[in-house]
$ cat run_6.pdb   # PDB, C-alpha atoms
ATOM      1  CA  MET R   1      27.178  -8.314   5.781
ATOM      2  CA  PRO R   2      24.385 -10.415   7.354
ATOM      3  CA  VAL R   3      20.860  -9.778   6.167
ATOM      4  CA  SER R   4      18.443  -8.761   8.895
ATOM      5  CA  ARG R   5      14.742  -8.316   9.166
ATOM      6  CA  THR R   6      12.724  -5.774  11.101
ATOM      7  CA  LEU R   7       9.899  -7.226  13.173
ATOM      8  CA  VAL R   8       7.148  -5.514  15.101
ATOM      9  CA  LEU R   9       6.074  -7.566  18.109
ATOM     10  CA  THR R  10       2.716  -7.163  19.815
ATOM     11  CA  ILE R  11       2.972  -8.615  23.308
ATOM     12  CA  ILE R  12       0.374  -9.244  26.024
ATOM     13  CA  GLY R  13       0.367 -11.415  29.106
ATOM     14  CA  ASP R  14       0.291 -11.546  32.869
ATOM     15  CA  ASP R  15       2.618  -8.923  34.298
ATOM     16  CA  ARG R  16       5.471 -10.022  36.532
ATOM     17  CA  PRO R  17       8.899  -8.765  37.572
ATOM     18  CA  GLY R  18      11.651  -9.602  35.098
ATOM     19  CA  LEU R  19       9.459  -9.981  32.023
ATOM     20  CA  VAL R  20      11.109  -7.145  30.055
ATOM     21  CA  GLY R  21      14.538  -8.539  30.949
ATOM     22  CA  GLU R  22      13.489 -11.983  29.737
ATOM     23  CA  LEU R  23      12.327 -10.552  26.404
ATOM     24  CA  ALA R  24      15.517  -8.502  26.024
ATOM     25  CA  ALA R  25      17.652 -11.583  26.744
ATOM     26  CA  ILE R  26      15.825 -13.632  24.074
ATOM     27  CA  ILE R  27      16.336 -10.848  21.533
ATOM     28  CA  SER R  28      20.026 -10.277  22.244
ATOM     29  CA  ALA R  29      20.860 -14.006  22.520
ATOM     30  CA  ARG R  30      19.856 -14.389  18.866
ATOM     31  CA  GLY R  31      21.763 -11.333  17.648
ATOM     32  CA  GLY R  32      18.713  -9.094  17.689
ATOM     33  CA  ASN R  33      18.605  -5.385  18.386
ATOM     34  CA  TRP R  34      15.785  -3.723  20.409
ATOM     35  CA  LEU R  35      14.952  -0.540  18.429
ATOM     36  CA  ASP R  36      11.711   1.039  19.693
ATOM     37  CA  SER R  37       9.060   0.102  22.185
ATOM     38  CA  SER R  38       5.986   1.202  24.050
ATOM     39  CA  LEU R  39       5.302  -0.947  27.108
ATOM     40  CA  ALA R  40       2.646  -0.619  29.798
ATOM     41  CA  HIS R  41       1.056  -2.258  32.799
ATOM     42  CA  LEU R  42      -2.726  -2.208  32.329
ATOM     43  CA  ALA R  43      -5.176  -3.917  34.691
ATOM     44  CA  GLY R  44      -2.653  -6.540  35.812
ATOM     45  CA  LYS R  45      -1.487  -7.253  32.282
ATOM     46  CA  PHE R  46       1.779  -6.455  30.544
ATOM     47  CA  ALA R  47       1.106  -5.021  27.096
ATOM     48  CA  GLY R  48       3.501  -3.663  24.545
ATOM     49  CA  VAL R  49       4.670  -3.100  21.046
ATOM     50  CA  VAL R  50       8.369  -3.597  20.293
ATOM     51  CA  ARG R  51      10.261  -3.007  17.041
ATOM     52  CA  ILE R  52      13.374  -5.142  16.712
ATOM     53  CA  GLU R  53      15.914  -6.087  14.095
ATOM     54  CA  VAL R  54      16.996  -9.727  14.001
ATOM     55  CA  PRO R  55      19.301 -11.590  11.588
ATOM     56  CA  ASP R  56      17.336 -13.532   8.959
ATOM     57  CA  GLU R  57      18.964 -16.809   9.945
ATOM     58  CA  SER R  58      17.892 -16.315  13.597
ATOM     59  CA  THR R  59      14.268 -15.360  12.975
ATOM     60  CA  GLU R  60      12.746 -18.825  13.387
ATOM     61  CA  ALA R  61      14.806 -19.611  16.513
ATOM     62  CA  PHE R  62      13.865 -16.216  17.930
ATOM     63  CA  LEU R  63      10.132 -16.796  17.351
ATOM     64  CA  GLN R  64      10.408 -20.289  18.834
ATOM     65  CA  ALA R  65      12.121 -18.920  21.958
ATOM     66  CA  LEU R  66       9.388 -16.299  22.386
ATOM     67  CA  SER R  67       6.721 -18.992  22.246
ATOM     68  CA  THR R  68       8.246 -20.668  25.321
ATOM     69  CA  VAL R  69       7.744 -17.644  27.619
ATOM     70  CA  PRO R  70       4.941 -18.666  30.015
ATOM     71  CA  ASP R  71       1.642 -16.743  29.997
ATOM     72  CA  LEU R  72       2.718 -14.457  27.161
ATOM     73  CA  ARG R  73       1.172 -14.046  23.712
ATOM     74  CA  VAL R  74       3.378 -12.584  21.006
ATOM     75  CA  ILE R  75       2.403 -11.684  17.471
ATOM     76  CA  ALA R  76       5.333 -10.915  15.155
ATOM     77  CA  GLU R  77       4.914  -9.022  11.909
ATOM     78  CA  VAL R  78       7.624  -8.298   9.360
ATOM     79  CA  SER R  79       7.918  -4.566   8.876
ATOM     80  CA  SER R  80       9.544  -2.209   6.473
ATOM     81  CA  ASP R  81      10.453   1.076   8.063
ATOM     82  CA  PRO R  82       9.746   3.566   5.284
ATOM     83  CA  ALA R  83      11.249   7.013   5.473
ATOM     84  CA  ALA R  84       8.916   9.770   6.636
ATOM     85  CA  ALA R  85       6.550  11.004   3.972
ATOM     86  CA  LEU R  86       7.893  13.920   1.987
ATOM     87  CA  GLY R  87       6.485  17.220   3.180
ATOM     88  CA  ALA R  88       4.677  15.638   6.104
ATOM     89  CA  ARG R  89       3.920  17.856   9.104
ATOM     90  CA  ARG R  90       3.967  16.621  12.668
ATOM     91  CA  PHE R  91       1.763  17.922  15.459
ATOM     92  CA  ALA R  92       1.237  17.389  19.151
ATOM     93  CA  LEU R  93      -2.289  17.492  20.519
ATOM     94  CA  SER R  94      -3.315  17.678  24.185
ATOM     95  CA  LEU R  95      -6.877  17.369  25.352
ATOM     96  CA  VAL R  96      -8.358  17.710  28.834
ATOM     97  CA  GLY R  97     -12.044  17.700  29.573
ATOM     98  CA  HIS R  98     -14.836  16.216  31.619
ATOM     99  CA  ASP R  99     -14.881  12.473  31.009
ATOM    100  CA  ARG R 100     -17.824  11.157  29.072
ATOM    101  CA  ILE R 101     -18.600   8.537  26.481
ATOM    102  CA  GLY R 102     -17.622   9.509  22.930
ATOM    103  CA  ILE R 103     -14.624  11.815  23.381
ATOM    104  CA  VAL R 104     -12.169   9.505  21.579
ATOM    105  CA  SER R 105     -14.714   8.664  18.893
ATOM    106  CA  GLU R 106     -15.440  12.308  18.085
ATOM    107  CA  LEU R 107     -11.785  13.364  18.199
ATOM    108  CA  SER R 108     -10.675  10.515  15.954
ATOM    109  CA  ALA R 109     -13.486  11.264  13.480
ATOM    110  CA  VAL R 110     -12.225  14.856  13.102
ATOM    111  CA  LEU R 111      -8.653  13.652  12.606
ATOM    112  CA  ALA R 112      -9.781  11.112   9.990
ATOM    113  CA  ARG R 113     -11.741  13.780   8.069
ATOM    114  CA  HIS R 114      -8.487  15.730   7.780
ATOM    115  CA  SER R 115      -6.481  12.627   6.728
ATOM    116  CA  ILE R 116      -4.310  12.879   9.828
ATOM    117  CA  ASN R 117      -2.367   9.843  10.947
ATOM    118  CA  VAL R 118      -2.259   9.154  14.689
ATOM    119  CA  GLU R 119       1.301   8.016  15.439
ATOM    120  CA  LYS R 120       1.005   7.891  19.202
ATOM    121  CA  PHE R 121      -2.031   8.218  21.462
ATOM    122  CA  THR R 122      -2.149   7.985  25.249
ATOM    123  CA  THR R 123      -5.117   8.554  27.527
ATOM    124  CA  ARG R 124      -5.889   8.514  31.232
ATOM    125  CA  THR R 125      -8.565   9.643  33.641
ATOM    126  CA  ALA R 126      -7.968  11.506  36.902
ATOM    127  CA  SER R 127      -9.948  13.411  39.526
ATOM    128  CA  ALA R 128     -10.188  17.166  39.078
ATOM    129  CA  PRO R 129      -8.272  18.930  41.871
ATOM    130  CA  MET R 130     -11.137  21.004  43.326
ATOM    131  CA  SER R 131     -14.314  19.219  42.306
ATOM    132  CA  SER R 132     -13.306  15.540  42.280
ATOM    133  CA  GLU R 133     -15.071  15.200  38.926
ATOM    134  CA  THR R 134     -13.404  12.756  36.562
ATOM    135  CA  LEU R 135     -11.316  14.433  33.880
ATOM    136  CA  PHE R 136     -10.212  12.773  30.653
ATOM    137  CA  HIS R 137      -6.652  13.506  29.453
ATOM    138  CA  ALA R 138      -5.298  12.634  25.998
ATOM    139  CA  ASP R 139      -1.972  13.312  24.313
ATOM    140  CA  ALA R 140      -1.293  12.518  20.667
ATOM    141  CA  GLU R 141       1.514  12.775  18.159
ATOM    142  CA  LEU R 142       0.047  13.328  14.713
ATOM    143  CA  GLN R 143       1.237  13.462  11.119
ATOM    144  CA  ALA R 144      -0.462  15.193   8.193
ATOM    145  CA  GLY R 145       0.382  15.527   4.515
ATOM    146  CA  ALA R 146       2.000  18.558   2.906
ATOM    147  CA  GLY R 147      -1.326  20.101   1.785
ATOM    148  CA  PHE R 148      -2.808  19.970   5.269
ATOM    149  CA  ASP R 149      -4.760  23.065   6.432
ATOM    150  CA  SER R 150      -4.119  23.560  10.160
ATOM    151  CA  ALA R 151      -6.650  26.420  10.407
ATOM    152  CA  ARG R 152      -9.495  24.143   9.225
ATOM    153  CA  LEU R 153      -8.437  21.425  11.662
ATOM    154  CA  GLN R 154      -8.317  23.948  14.506
ATOM    155  CA  GLU R 155     -11.862  25.095  13.613
ATOM    156  CA  ASP R 156     -13.179  21.511  13.640
ATOM    157  CA  LEU R 157     -11.441  20.766  16.925
ATOM    158  CA  GLU R 158     -12.867  23.922  18.504
ATOM    159  CA  ARG R 159     -16.325  22.896  17.295
ATOM    160  CA  ILE R 160     -16.153  19.558  19.120
ATOM    161  CA  SER R 161     -14.416  21.286  22.022
ATOM    162  CA  ALA R 162     -17.591  23.233  22.786
ATOM    163  CA  ASP R 163     -19.681  20.052  22.570
ATOM    164  CA  LEU R 164     -17.309  17.985  24.687
ATOM    165  CA  MET R 165     -16.164  20.663  27.139
ATOM    166  CA  VAL R 166     -12.527  20.017  26.299
ATOM    167  CA  ASP R 167      -9.453  22.147  25.857
ATOM    168  CA  ILE R 168      -7.358  21.306  22.814
ATOM    169  CA  THR R 169      -3.871  22.545  22.042
ATOM    170  CA  LEU R 170      -2.451  22.015  18.574
ATOM    171  CA  VAL R 171       1.181  22.965  17.982
ATOM    172  CA  ASP R 172       3.755  22.168  15.323
ATOM    173  CA  ALA R 173       5.979  19.496  16.828
TER     174      ALA R 173
END

$ encode --input "run_6.pdb" --output "structure tokens"
Amino acid sequence: MPVSRTLVLTIIGDDRPGLVGELAAIISARGGNWLDSSLAHLAGKFAGVVRIEVPDESTEAFLQALSTVPDLRVIAEVSSDPAAALGARRFALSLVGHDRIGIVSELSAVLARHSINVEKFTTRTASAPMSSETLFHADAELQAGAGFDSARLQEDLERISADLMVDITLVDA
């Protein structure tokens, strides 16, 4: 059985039609398998993180082929994909509030104090339907250890909620 390696690719460059197809073709042409990804168009740029598995003997050729894609920077890191931590709890968090400087900083500080790992975090701003004020929206997938106290986290989140004028929903995922 061939030995393979798991790589995590960080990709950024000028966005254009066909770029994802070009990346997929490079991966599959060298026997690689596209496992997970998060891709986005941000301010005219293509940005993404892709987890792939590629045969050991094809790794160098694969990395060389990626370096030939015009206007694209790729950083490849070898990754082990450890099993989920024993007893870990997963949560989903949604936040909506008036946009202002410091929301992400204060939210992430609370999560760090509770030793919570942020596995996925997406944000956006949008106009409020009636007032046209700018609202900040955030969604997160979180993981905490077995001894995690959800009541204490909820209290801390409610405390910053009053300061930030945000609504926070915390549910077991």

$ closest_residue --input "run_6.pdb" --among "R:Ala146, R:Ala151, R:Leu35, R:Leu72" --to "R:Ser115" --atoms "all atoms listed in the file"
R:Ala146

$ resolve_selection --input "run_6.pdb" --expression "the PyMOL selection byres ((chain R and resi 97) around 12)" --output "ChimeraX atom specification"
/R:94-96,98-104,123-128,133-138,160-168

$ atom_distance --input "run_6.pdb" --atom1 "atom CA of R:Ala25" --atom2 "atom CA of R:Glu77"
19.7 Å

$ axis_aligned_box --input "run_6.pdb" --around "stretch 9-20 of chain R" --padding-each-side "5 Å" --output "lines of an AutoDock Vina configuration file"
center_x = 6.0
center_y = -9.3
center_z = 27.8
size_x = 21.4
size_y = 14.4
size_z = 29.5

$ resolve_selection --input "run_6.pdb" --expression "the PyMOL selection byres ((chain R and resi 150) around 12)" --output "VMD selection string"
chain R and resid 89 to 91 111 114 to 116 142 to 149 151 to 157 169 to 172

$ atom_distance --input "run_6.pdb" --atom1 "atom CA of R:Ala109" --atom2 "atom CA of R:Ala47"
25.8 Å

$ closest_residue --input "run_6.pdb" --among "R:Val110, R:Val20, R:Val50, R:Ala140" --to "R:Ala76" --atoms "all atoms listed in the file"
R:Val50

$ closest_residue --input "run_6.pdb" --among "R:Ser132, R:Asn33, R:Thr122, R:Ser67" --to "R:Leu93" --atoms "only C-alpha atoms"
R:Thr122

$ residues_around --input "run_6.pdb" --residues "R:Val74" --least-positions-apart "5" --cutoff "8 Å" --atoms "all atoms listed in the file" --output "PyMOL selection string"
chain R and resi 9-12+66-67

$ residues_around --input "run_6.pdb" --residues "R:Ala43" --least-positions-apart "3" --cutoff "10 Å" --atoms "all atoms listed in the file" --output "number ranges by chain"
R: 14-15, 40, 46-47

$ residues_near_point --input "run_6.pdb" --point "(10.6, -0.7, 11.5)" --cutoff "10 Å" --atoms "all atoms listed in the file" --output "VMD selection string"
chain R and resid 5 to 8 35 to 36 50 to 53 78 to 83

$ build_atoms --input "run_6.pdb" --residues "stretch 103-120 of chain R" --atoms "N, CA and C atoms" --output "mmCIF file, in the frame of the given file"
data_model
loop_
_atom_site.group_PDB
_atom_site.id
_atom_site.type_symbol
_atom_site.label_atom_id
_atom_site.label_comp_id
_atom_site.auth_asym_id
_atom_site.auth_seq_id
_atom_site.Cartn_x
_atom_site.Cartn_y
_atom_site.Cartn_z
ATOM 1 N N ILE R 103 -15.690 10.842 23.640
ATOM 2 C CA ILE R 103 -14.624 11.815 23.381
ATOM 3 C C ILE R 103 -13.648 11.280 22.334
ATOM 4 N N VAL R 104 -13.152 10.069 22.519
ATOM 5 C CA VAL R 104 -12.169 9.505 21.579
ATOM 6 C C VAL R 104 -12.797 9.302 20.206
ATOM 7 N N SER R 105 -14.033 8.870 20.165
ATOM 8 C CA SER R 105 -14.714 8.664 18.893
ATOM 9 C C SER R 105 -14.838 9.966 18.110
ATOM 10 N N GLU R 106 -15.260 11.034 18.775
ATOM 11 C CA GLU R 106 -15.440 12.308 18.085
ATOM 12 C C GLU R 106 -14.106 12.924 17.674
ATOM 13 N N LEU R 107 -13.106 12.843 18.527
ATOM 14 C CA LEU R 107 -11.785 13.364 18.199
ATOM 15 C C LEU R 107 -11.193 12.619 17.009
ATOM 16 N N SER R 108 -11.261 11.292 17.043
ATOM 17 C CA SER R 108 -10.675 10.515 15.954
ATOM 18 C C SER R 108 -11.424 10.720 14.637
ATOM 19 N N ALA R 109 -12.723 10.985 14.702
ATOM 20 C CA ALA R 109 -13.486 11.264 13.480
ATOM 21 C C ALA R 109 -13.011 12.568 12.832
ATOM 22 N N VAL R 110 -12.740 13.592 13.644
ATOM 23 C CA VAL R 110 -12.225 14.856 13.102
ATOM 24 C C VAL R 110 -10.862 14.628 12.461
ATOM 25 N N LEU R 111 -9.992 13.904 13.151
ATOM 26 C CA LEU R 111 -8.653 13.652 12.606
ATOM 27 C C LEU R 111 -8.739 12.878 11.289
ATOM 28 N N ALA R 112 -9.621 11.897 11.218
ATOM 29 C CA ALA R 112 -9.781 11.112 9.990
ATOM 30 C C ALA R 112 -10.289 11.980 8.838
ATOM 31 N N ARG R 113 -11.226 12.884 9.125
ATOM 32 C CA ARG R 113 -11.741 13.780 8.069
ATOM 33 C C ARG R 113 -10.636 14.638 7.475
ATOM 34 N N HIS R 114 -9.607 14.919 8.251
ATOM 35 C CA HIS R 114 -8.487 15.730 7.780
ATOM 36 C C HIS R 114 -7.306 14.879 7.305
ATOM 37 N N SER R 115 -7.524 13.568 7.171
ATOM 38 C CA SER R 115 -6.481 12.627 6.728
ATOM 39 C C SER R 115 -5.225 12.719 7.587
ATOM 40 N N ILE R 116 -5.426 12.790 8.891
ATOM 41 C CA ILE R 116 -4.310 12.879 9.828
ATOM 42 C C ILE R 116 -4.044 11.500 10.416
ATOM 43 N N ASN R 117 -2.781 11.120 10.406
ATOM 44 C CA ASN R 117 -2.367 9.843 10.947
ATOM 45 C C ASN R 117 -2.014 10.009 12.431
ATOM 46 N N VAL R 118 -2.570 9.148 13.262
ATOM 47 C CA VAL R 118 -2.259 9.154 14.689
ATOM 48 C C VAL R 118 -1.070 8.228 14.883
ATOM 49 N N GLU R 119 0.087 8.804 15.253
ATOM 50 C CA GLU R 119 1.301 8.016 15.439
ATOM 51 C C GLU R 119 1.457 7.527 16.876
ATOM 52 N N LYS R 120 0.949 8.297 17.805
ATOM 53 C CA LYS R 120 1.005 7.891 19.202
ATOM 54 C C LYS R 120 -0.187 8.511 19.901
#
